[in-house]
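Below: input-v5.cif (mmCIF, N, CA and C atoms)
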```
data_model
loop_
_atom_site.label_atom_id
_atom_site.label_comp_id
_atom_site.auth_asym_id
_atom_site.auth_seq_id
_atom_site.Cartn_x
_atom_site.Cartn_y
_atom_site.Cartn_z
N MET A 909 161.81 102.12 20.37
CA MET A 909 160.40 102.43 20.55
C MET A 909 159.61 102.08 19.29
N LYS A 910 160.18 102.43 18.11
CA LYS A 910 159.50 102.14 16.86
C LYS A 910 159.38 100.63 16.65
N LYS A 911 160.41 99.88 17.06
CA LYS A 911 160.36 98.44 16.89
C LYS A 911 159.20 97.83 17.69
N TRP A 912 158.99 98.32 18.91
CA TRP A 912 157.90 97.80 19.73
C TRP A 912 156.54 98.15 19.14
N LEU A 913 156.45 99.34 18.59
CA LEU A 913 155.20 99.77 17.96
C LEU A 913 154.89 98.90 16.74
N VAL A 914 155.91 98.67 15.92
CA VAL A 914 155.73 97.82 14.72
C VAL A 914 155.37 96.40 15.15
N LEU A 915 156.05 95.87 16.15
CA LEU A 915 155.77 94.53 16.64
C LEU A 915 154.33 94.42 17.16
N ALA A 916 153.87 95.42 17.88
CA ALA A 916 152.51 95.43 18.41
C ALA A 916 151.48 95.49 17.28
N LEU A 917 151.75 96.32 16.27
CA LEU A 917 150.84 96.42 15.13
C LEU A 917 150.78 95.11 14.35
N VAL A 918 151.93 94.50 14.11
CA VAL A 918 151.98 93.22 13.38
C VAL A 918 151.23 92.14 14.17
N SER A 919 151.44 92.12 15.47
CA SER A 919 150.75 91.14 16.32
C SER A 919 149.23 91.34 16.27
N ALA A 920 148.80 92.58 16.35
CA ALA A 920 147.37 92.88 16.29
C ALA A 920 146.79 92.48 14.94
N LEU A 921 147.52 92.74 13.87
CA LEU A 921 147.08 92.38 12.53
C LEU A 921 146.96 90.87 12.39
N MET A 922 147.91 90.12 12.96
CA MET A 922 147.85 88.66 12.90
C MET A 922 146.63 88.13 13.63
N VAL A 923 146.30 88.70 14.76
CA VAL A 923 145.12 88.27 15.52
C VAL A 923 143.85 88.52 14.70
N VAL A 924 143.76 89.68 14.07
CA VAL A 924 142.59 90.01 13.25
C VAL A 924 142.49 89.05 12.07
N LEU A 925 143.59 88.78 11.40
CA LEU A 925 143.57 87.88 10.25
C LEU A 925 143.20 86.45 10.65
N MET A 926 143.67 86.00 11.79
CA MET A 926 143.32 84.66 12.25
C MET A 926 141.83 84.57 12.57
N ALA A 927 141.29 85.61 13.15
CA ALA A 927 139.86 85.62 13.48
C ALA A 927 139.02 85.64 12.21
N CYS A 928 139.43 86.38 11.20
CA CYS A 928 138.69 86.45 9.94
C CYS A 928 138.80 85.16 9.16
N GLY A 929 139.87 84.43 9.35
CA GLY A 929 140.08 83.21 8.59
C GLY A 929 139.36 82.01 9.14
N SER A 930 138.81 82.11 10.34
CA SER A 930 138.10 80.95 10.89
C SER A 930 136.82 80.73 10.11
N ASN A 931 136.44 79.46 9.97
CA ASN A 931 135.26 79.11 9.20
C ASN A 931 134.28 78.37 10.10
N SER A 932 133.36 79.10 10.68
CA SER A 932 132.36 78.49 11.54
C SER A 932 131.14 78.03 10.76
N ASN A 933 131.10 78.29 9.46
CA ASN A 933 129.96 77.93 8.62
C ASN A 933 130.29 76.69 7.81
N SER A 934 130.35 75.54 8.49
CA SER A 934 130.71 74.30 7.81
C SER A 934 129.53 73.79 7.00
N ASN A 935 129.78 72.74 6.23
CA ASN A 935 128.72 72.16 5.42
C ASN A 935 127.98 71.05 6.15
N LYS A 936 127.88 71.14 7.43
CA LYS A 936 127.16 70.16 8.23
C LYS A 936 125.80 70.74 8.63
N PRO A 937 124.81 69.85 8.81
CA PRO A 937 123.50 70.35 9.22
C PRO A 937 123.57 70.98 10.60
N VAL A 938 122.67 71.91 10.83
CA VAL A 938 122.56 72.55 12.14
C VAL A 938 121.47 71.79 12.88
N THR A 939 121.86 71.02 13.88
CA THR A 939 120.92 70.20 14.62
C THR A 939 120.68 70.82 15.98
N PRO A 940 119.41 71.11 16.32
CA PRO A 940 119.13 71.70 17.63
C PRO A 940 119.38 70.69 18.74
N ALA A 941 119.38 71.16 19.98
CA ALA A 941 119.64 70.31 21.14
C ALA A 941 118.63 69.15 21.19
N ALA A 942 117.38 69.42 20.95
CA ALA A 942 116.36 68.37 20.92
C ALA A 942 115.94 68.16 19.47
N PRO A 943 116.30 67.01 18.88
CA PRO A 943 115.95 66.77 17.48
C PRO A 943 114.44 66.79 17.26
N ILE A 944 114.04 67.20 16.09
CA ILE A 944 112.62 67.23 15.74
C ILE A 944 112.21 65.81 15.35
N GLU A 945 111.23 65.27 16.03
CA GLU A 945 110.71 63.94 15.72
C GLU A 945 109.64 64.10 14.64
N VAL A 946 109.79 63.34 13.54
CA VAL A 946 108.80 63.39 12.47
C VAL A 946 108.21 62.01 12.26
N SER A 947 106.95 61.99 11.89
CA SER A 947 106.29 60.71 11.58
C SER A 947 106.45 60.44 10.09
N ASP A 948 106.24 59.18 9.70
CA ASP A 948 106.40 58.79 8.30
C ASP A 948 105.50 59.60 7.37
N ASP A 949 104.30 59.95 7.83
CA ASP A 949 103.38 60.69 6.97
C ASP A 949 103.77 62.16 6.79
N GLU A 950 104.73 62.64 7.57
CA GLU A 950 105.21 64.02 7.41
C GLU A 950 106.37 64.12 6.41
N ILE A 951 106.95 62.99 6.03
CA ILE A 951 108.12 62.99 5.14
C ILE A 951 107.64 63.10 3.70
N ALA A 952 108.07 64.15 3.01
CA ALA A 952 107.68 64.37 1.62
C ALA A 952 108.37 63.36 0.72
N THR A 953 107.64 62.84 -0.23
CA THR A 953 108.21 61.95 -1.24
C THR A 953 107.80 62.47 -2.60
N GLY A 954 108.75 62.59 -3.48
CA GLY A 954 108.47 63.06 -4.84
C GLY A 954 108.45 64.57 -4.96
N SER A 955 107.60 65.22 -4.19
CA SER A 955 107.53 66.68 -4.27
C SER A 955 107.29 67.28 -2.89
N LEU A 956 107.72 68.52 -2.75
CA LEU A 956 107.55 69.27 -1.51
C LEU A 956 107.20 70.70 -1.88
N ILE A 957 106.08 71.18 -1.38
CA ILE A 957 105.68 72.57 -1.61
C ILE A 957 105.81 73.33 -0.29
N ILE A 958 106.59 74.39 -0.32
CA ILE A 958 106.73 75.28 0.83
C ILE A 958 105.90 76.52 0.53
N THR A 959 104.88 76.74 1.33
CA THR A 959 104.00 77.88 1.11
C THR A 959 104.47 79.05 1.97
N ALA A 960 104.67 80.19 1.31
CA ALA A 960 105.16 81.39 1.99
C ALA A 960 104.14 82.50 1.86
N SER A 961 104.00 83.27 2.94
CA SER A 961 103.16 84.46 2.91
C SER A 961 103.94 85.56 3.61
N ASP A 962 103.27 86.64 3.94
CA ASP A 962 103.98 87.77 4.55
C ASP A 962 104.69 87.34 5.83
N TRP A 963 105.99 87.17 5.73
CA TRP A 963 106.93 86.96 6.82
C TRP A 963 106.75 85.64 7.58
N LYS A 964 106.17 84.63 6.90
CA LYS A 964 106.09 83.32 7.54
C LYS A 964 105.94 82.22 6.50
N PHE A 965 106.32 81.02 6.92
CA PHE A 965 106.10 79.82 6.13
C PHE A 965 104.91 79.09 6.74
N ASP A 966 104.27 78.22 5.97
CA ASP A 966 103.07 77.56 6.46
C ASP A 966 103.32 76.48 7.50
N LYS A 967 104.57 75.99 7.61
CA LYS A 967 104.87 74.95 8.59
C LYS A 967 106.09 75.32 9.41
N GLU A 968 106.14 74.79 10.61
CA GLU A 968 107.30 74.98 11.49
C GLU A 968 108.51 74.23 10.96
N TYR A 969 108.24 73.10 10.28
CA TYR A 969 109.31 72.31 9.67
C TYR A 969 108.74 71.47 8.53
N TYR A 970 109.64 71.03 7.65
CA TYR A 970 109.34 70.14 6.55
C TYR A 970 110.29 68.96 6.67
N ALA A 971 109.96 67.83 6.07
CA ALA A 971 110.82 66.66 6.21
C ALA A 971 110.98 65.94 4.88
N ILE A 972 112.19 65.45 4.63
CA ILE A 972 112.50 64.63 3.46
C ILE A 972 113.43 63.50 3.92
N ARG A 973 113.62 62.50 3.06
CA ARG A 973 114.55 61.42 3.35
C ARG A 973 115.93 61.73 2.78
N ALA A 974 116.95 61.38 3.53
CA ALA A 974 118.33 61.58 3.09
C ALA A 974 118.58 60.78 1.82
N GLY A 975 119.21 61.42 0.85
CA GLY A 975 119.58 60.76 -0.39
C GLY A 975 118.48 60.65 -1.43
N GLU A 976 117.25 60.99 -1.08
CA GLU A 976 116.14 60.93 -2.03
C GLU A 976 115.88 62.31 -2.62
N SER A 977 115.70 62.36 -3.91
CA SER A 977 115.43 63.63 -4.59
C SER A 977 113.95 63.99 -4.46
N VAL A 978 113.69 65.26 -4.13
CA VAL A 978 112.33 65.78 -4.13
C VAL A 978 112.30 67.03 -5.00
N GLU A 979 111.18 67.25 -5.64
CA GLU A 979 110.97 68.46 -6.43
C GLU A 979 110.40 69.52 -5.50
N LEU A 980 111.23 70.50 -5.11
CA LEU A 980 110.83 71.53 -4.15
C LEU A 980 110.33 72.76 -4.90
N THR A 981 109.16 73.22 -4.49
CA THR A 981 108.56 74.43 -5.08
C THR A 981 108.18 75.38 -3.96
N VAL A 982 108.49 76.65 -4.13
CA VAL A 982 108.05 77.69 -3.20
C VAL A 982 106.80 78.33 -3.80
N ASP A 983 105.72 78.30 -3.03
CA ASP A 983 104.46 78.88 -3.45
C ASP A 983 104.18 80.10 -2.58
N SER A 984 104.31 81.28 -3.16
CA SER A 984 104.08 82.52 -2.41
C SER A 984 102.63 82.93 -2.57
N ILE A 985 101.89 82.94 -1.46
CA ILE A 985 100.49 83.35 -1.54
C ILE A 985 100.33 84.84 -1.30
N SER A 986 101.36 85.48 -0.76
CA SER A 986 101.37 86.95 -0.67
C SER A 986 102.83 87.38 -0.65
N GLY A 987 103.15 88.34 -1.47
CA GLY A 987 104.52 88.81 -1.57
C GLY A 987 105.37 87.90 -2.43
N ALA A 988 106.62 88.29 -2.62
CA ALA A 988 107.59 87.50 -3.38
C ALA A 988 108.57 86.88 -2.39
N HIS A 989 108.78 85.57 -2.50
CA HIS A 989 109.63 84.86 -1.56
C HIS A 989 110.48 83.83 -2.29
N GLY A 990 111.48 83.36 -1.62
CA GLY A 990 112.33 82.27 -2.07
C GLY A 990 112.87 81.60 -0.83
N VAL A 991 113.59 80.49 -1.00
CA VAL A 991 114.18 79.83 0.15
C VAL A 991 115.65 79.55 -0.06
N GLU A 992 116.36 79.59 1.04
CA GLU A 992 117.75 79.19 1.11
C GLU A 992 117.84 78.12 2.19
N ILE A 993 118.34 76.93 1.81
CA ILE A 993 118.54 75.87 2.78
C ILE A 993 119.97 76.00 3.25
N MET A 994 120.14 76.44 4.47
CA MET A 994 121.46 76.78 5.00
C MET A 994 122.38 75.56 5.01
N ASN A 995 123.66 75.82 4.75
CA ASN A 995 124.71 74.81 4.74
C ASN A 995 124.51 73.74 3.67
N THR A 996 123.85 74.14 2.58
CA THR A 996 123.70 73.27 1.41
C THR A 996 123.98 74.11 0.18
N GLU A 997 123.93 73.49 -0.98
CA GLU A 997 124.11 74.21 -2.23
C GLU A 997 122.84 74.91 -2.70
N TYR A 998 121.73 74.70 -1.99
CA TYR A 998 120.44 75.25 -2.40
C TYR A 998 120.24 76.61 -1.73
N ASN A 999 120.71 77.67 -2.40
CA ASN A 999 120.72 78.97 -1.75
C ASN A 999 119.74 79.99 -2.32
N ASN A 1000 119.01 79.64 -3.37
CA ASN A 1000 118.03 80.60 -3.87
C ASN A 1000 116.99 79.89 -4.74
N ILE A 1001 116.11 79.17 -4.10
CA ILE A 1001 114.99 78.55 -4.81
C ILE A 1001 113.87 79.57 -4.79
N ILE A 1002 113.56 80.12 -5.95
CA ILE A 1002 112.65 81.26 -6.00
C ILE A 1002 111.20 80.83 -6.24
N ASN A 1003 110.32 81.77 -6.02
CA ASN A 1003 108.89 81.59 -6.14
C ASN A 1003 108.49 80.94 -7.46
N ASN A 1004 107.68 79.90 -7.37
CA ASN A 1004 107.09 79.20 -8.51
C ASN A 1004 108.11 78.55 -9.45
N LYS A 1005 109.32 78.32 -8.99
CA LYS A 1005 110.32 77.60 -9.77
C LYS A 1005 110.62 76.30 -9.03
N THR A 1006 110.42 75.17 -9.69
CA THR A 1006 110.66 73.87 -9.06
C THR A 1006 112.13 73.50 -9.22
N THR A 1007 112.73 73.04 -8.14
CA THR A 1007 114.14 72.65 -8.11
C THR A 1007 114.26 71.27 -7.50
N ALA A 1008 115.01 70.39 -8.15
CA ALA A 1008 115.28 69.07 -7.59
C ALA A 1008 116.27 69.23 -6.44
N VAL A 1009 115.90 68.72 -5.27
CA VAL A 1009 116.73 68.84 -4.07
C VAL A 1009 117.05 67.45 -3.55
N THR A 1010 118.34 67.20 -3.34
CA THR A 1010 118.80 65.95 -2.74
C THR A 1010 119.82 66.30 -1.67
N ILE A 1011 119.55 65.92 -0.45
CA ILE A 1011 120.48 66.16 0.66
C ILE A 1011 120.82 64.79 1.25
N THR A 1012 122.10 64.48 1.31
CA THR A 1012 122.53 63.15 1.73
C THR A 1012 122.79 63.03 3.22
N GLU A 1013 123.08 64.13 3.89
CA GLU A 1013 123.41 64.10 5.32
C GLU A 1013 122.15 64.31 6.17
N PRO A 1014 121.76 63.31 6.98
CA PRO A 1014 120.62 63.50 7.87
C PRO A 1014 120.90 64.61 8.88
N GLY A 1015 119.84 65.27 9.33
CA GLY A 1015 119.97 66.33 10.32
C GLY A 1015 118.88 67.36 10.12
N THR A 1016 118.99 68.44 10.85
CA THR A 1016 118.02 69.53 10.74
C THR A 1016 118.72 70.75 10.17
N TYR A 1017 118.19 71.25 9.07
CA TYR A 1017 118.76 72.38 8.36
C TYR A 1017 117.85 73.59 8.50
N ASP A 1018 118.42 74.75 8.75
CA ASP A 1018 117.64 75.98 8.79
C ASP A 1018 117.30 76.41 7.37
N ILE A 1019 116.07 76.88 7.20
CA ILE A 1019 115.63 77.48 5.94
C ILE A 1019 115.26 78.92 6.24
N ARG A 1020 115.70 79.81 5.37
CA ARG A 1020 115.29 81.21 5.53
C ARG A 1020 114.85 81.75 4.17
N CYS A 1021 114.07 82.80 4.22
CA CYS A 1021 113.62 83.46 3.00
C CYS A 1021 114.82 84.11 2.33
N SER A 1022 114.96 83.88 1.03
CA SER A 1022 116.12 84.40 0.30
C SER A 1022 115.80 85.64 -0.52
N VAL A 1023 114.56 86.11 -0.46
CA VAL A 1023 114.15 87.31 -1.20
C VAL A 1023 113.73 88.37 -0.18
N PRO A 1024 114.41 89.52 -0.12
CA PRO A 1024 114.00 90.56 0.83
C PRO A 1024 112.51 90.88 0.63
N CYS A 1025 111.72 90.68 1.70
CA CYS A 1025 110.27 90.76 1.56
C CYS A 1025 109.61 91.75 2.52
N GLY A 1026 110.40 92.61 3.11
CA GLY A 1026 109.80 93.60 3.98
C GLY A 1026 110.30 93.52 5.41
N SER A 1027 109.56 94.16 6.31
CA SER A 1027 110.01 94.33 7.68
C SER A 1027 110.18 93.03 8.46
N GLY A 1028 109.47 91.97 8.12
CA GLY A 1028 109.59 90.71 8.84
C GLY A 1028 110.52 89.71 8.18
N HIS A 1029 111.26 90.13 7.18
CA HIS A 1029 112.13 89.23 6.41
C HIS A 1029 113.15 88.51 7.28
N ARG A 1030 113.77 89.21 8.21
CA ARG A 1030 114.82 88.61 9.04
C ARG A 1030 114.34 87.44 9.88
N THR A 1031 113.08 87.44 10.25
CA THR A 1031 112.56 86.38 11.11
C THR A 1031 111.81 85.31 10.32
N MET A 1032 111.83 85.38 9.00
CA MET A 1032 111.12 84.42 8.16
C MET A 1032 111.97 83.17 8.00
N THR A 1033 111.79 82.23 8.93
CA THR A 1033 112.59 81.02 8.95
C THR A 1033 111.72 79.80 9.23
N THR A 1034 112.24 78.65 8.88
CA THR A 1034 111.63 77.36 9.19
C THR A 1034 112.76 76.34 9.22
N LYS A 1035 112.44 75.06 9.25
CA LYS A 1035 113.45 74.00 9.30
C LYS A 1035 113.16 72.94 8.24
N LEU A 1036 114.23 72.26 7.83
CA LEU A 1036 114.11 71.08 6.98
C LEU A 1036 114.76 69.93 7.72
N VAL A 1037 113.95 68.92 8.04
CA VAL A 1037 114.46 67.73 8.74
C VAL A 1037 114.76 66.68 7.68
N VAL A 1038 116.01 66.25 7.62
CA VAL A 1038 116.43 65.23 6.68
C VAL A 1038 116.60 63.93 7.48
N VAL A 1039 115.74 62.97 7.17
CA VAL A 1039 115.64 61.74 7.94
C VAL A 1039 116.46 60.64 7.26
N ALA A 1040 117.18 59.87 8.07
CA ALA A 1040 117.99 58.76 7.53
C ALA A 1040 117.12 57.66 6.98
#
```
Let me see the structure of the file written as structure tokens.
Amino acid sequence: MKKWLVLALVSALMVVLMACGSNSNSNKPVTPAAPIEVSDDEIATGSLIITASDWKFDKEYYAIRAGESVELTVDSISGAHGVEIMNTEYNNIINNKTTAVTITEPGTYDIRCSVPCGSGHRTMTTKLVVVA
């Protein structure tokens, strides 16, 4: 009886460990079912300013070219904000600090506010479209 109990516990532990070890957060862009179409005049060159206010960004999406460096600045017009570009190394670009950003893989990346900013913080998101 004890052997079956130990075997069942070991089996359950293995299932839990396998589930915890899976990595669903790869370093690939998150591309929605319908890609965002951007025009050439929407693609930032040289610099990109993301304007943040209480629980929202000023645009639904921003666009840059793959492999080109842009100087990204977060401009908070109300509250303190920062940005995290999901599935990239850019995880905390804070208010009024310019950071050189280069993303080589085309696709659509989620951006979220990286500074807890109040009750609407969880829904403070936008997109970064990286164009080939």
Query raised in the report: For the file shown, what are the residues hit by the PyMOL selection byres ((chain A and resi 1006) around 5), laid out as a PyMOL selection string?
Result: chain A and resi 980-981+1004-1005+1007-1008
Long-range neighbours of Thr1031 (chain A) as a PDB file with N, CA and C atoms, keeping the file's coordinate frame, 10 Å cut-off, only C-alpha atoms, 5 positions minimum in chain:
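Done, and the output landed in out_34.pdb:
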```pdb
ATOM      1  N   TRP A 963     105.990  87.170   5.730  1.00  0.00           N
ATOM      2  CA  TRP A 963     106.930  86.960   6.820  1.00  0.00           C
ATOM      3  C   TRP A 963     106.750  85.640   7.580  1.00  0.00           C
ATOM      4  N   LYS A 964     106.170  84.630   6.900  1.00  0.00           N
ATOM      5  CA  LYS A 964     106.090  83.320   7.540  1.00  0.00           C
ATOM      6  C   LYS A 964     105.940  82.220   6.500  1.00  0.00           C
ATOM      7  N   ARG A1020     115.700  79.810   5.370  1.00  0.00           N
ATOM      8  CA  ARG A1020     115.290  81.210   5.530  1.00  0.00           C
ATOM      9  C   ARG A1020     114.850  81.750   4.170  1.00  0.00           C
ATOM     10  N   CYS A1021     114.070  82.800   4.220  1.00  0.00           N
ATOM     11  CA  CYS A1021     113.620  83.460   3.000  1.00  0.00           C
ATOM     12  C   CYS A1021     114.820  84.110   2.330  1.00  0.00           C
TER      13      CYS A1021
END
```
Requested in this report: Determine the nearest neighbour of Ile972 (chain A) from the options A:Met1032, A:Val1039, A:Ile1001, A:Ile957, counting only N, CA and C atoms.
Outcome: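 Closest candidate: A:Val1039.
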Query - Interatomic distance (Å, one decimal) between atom C of Cys1025 (chain A) and atom C of Ser984 (chain A) - result: 12.3 Å
Report summary line: From the list A:Tyr1017, A:Leu956, A:Pro1024, A:Ile944, the nearest residue to Asn995 (chain A) using only N, CA and C atoms is A:Tyr1017
Query - Atom pair atom C of Val1038 (chain A) / atom N of His989 (chain A): separation (Å) - result: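 Separation of atom C of Val1038 (chain A) and atom N of His989 (chain A): 25.1 Å.
These are the residues of region 988-1027 of chain A assigned strand (DSSP E) by DSSP from backbone coordinates: Gly990, Val991, Glu992, Ile993, Ile1001, Ile1002, Thr1007, Ala1008, Val1009, Gly1015, Thr1016, Tyr1017, Asp1018, Ile1019, Arg1020 and Cys1021 of chain A.
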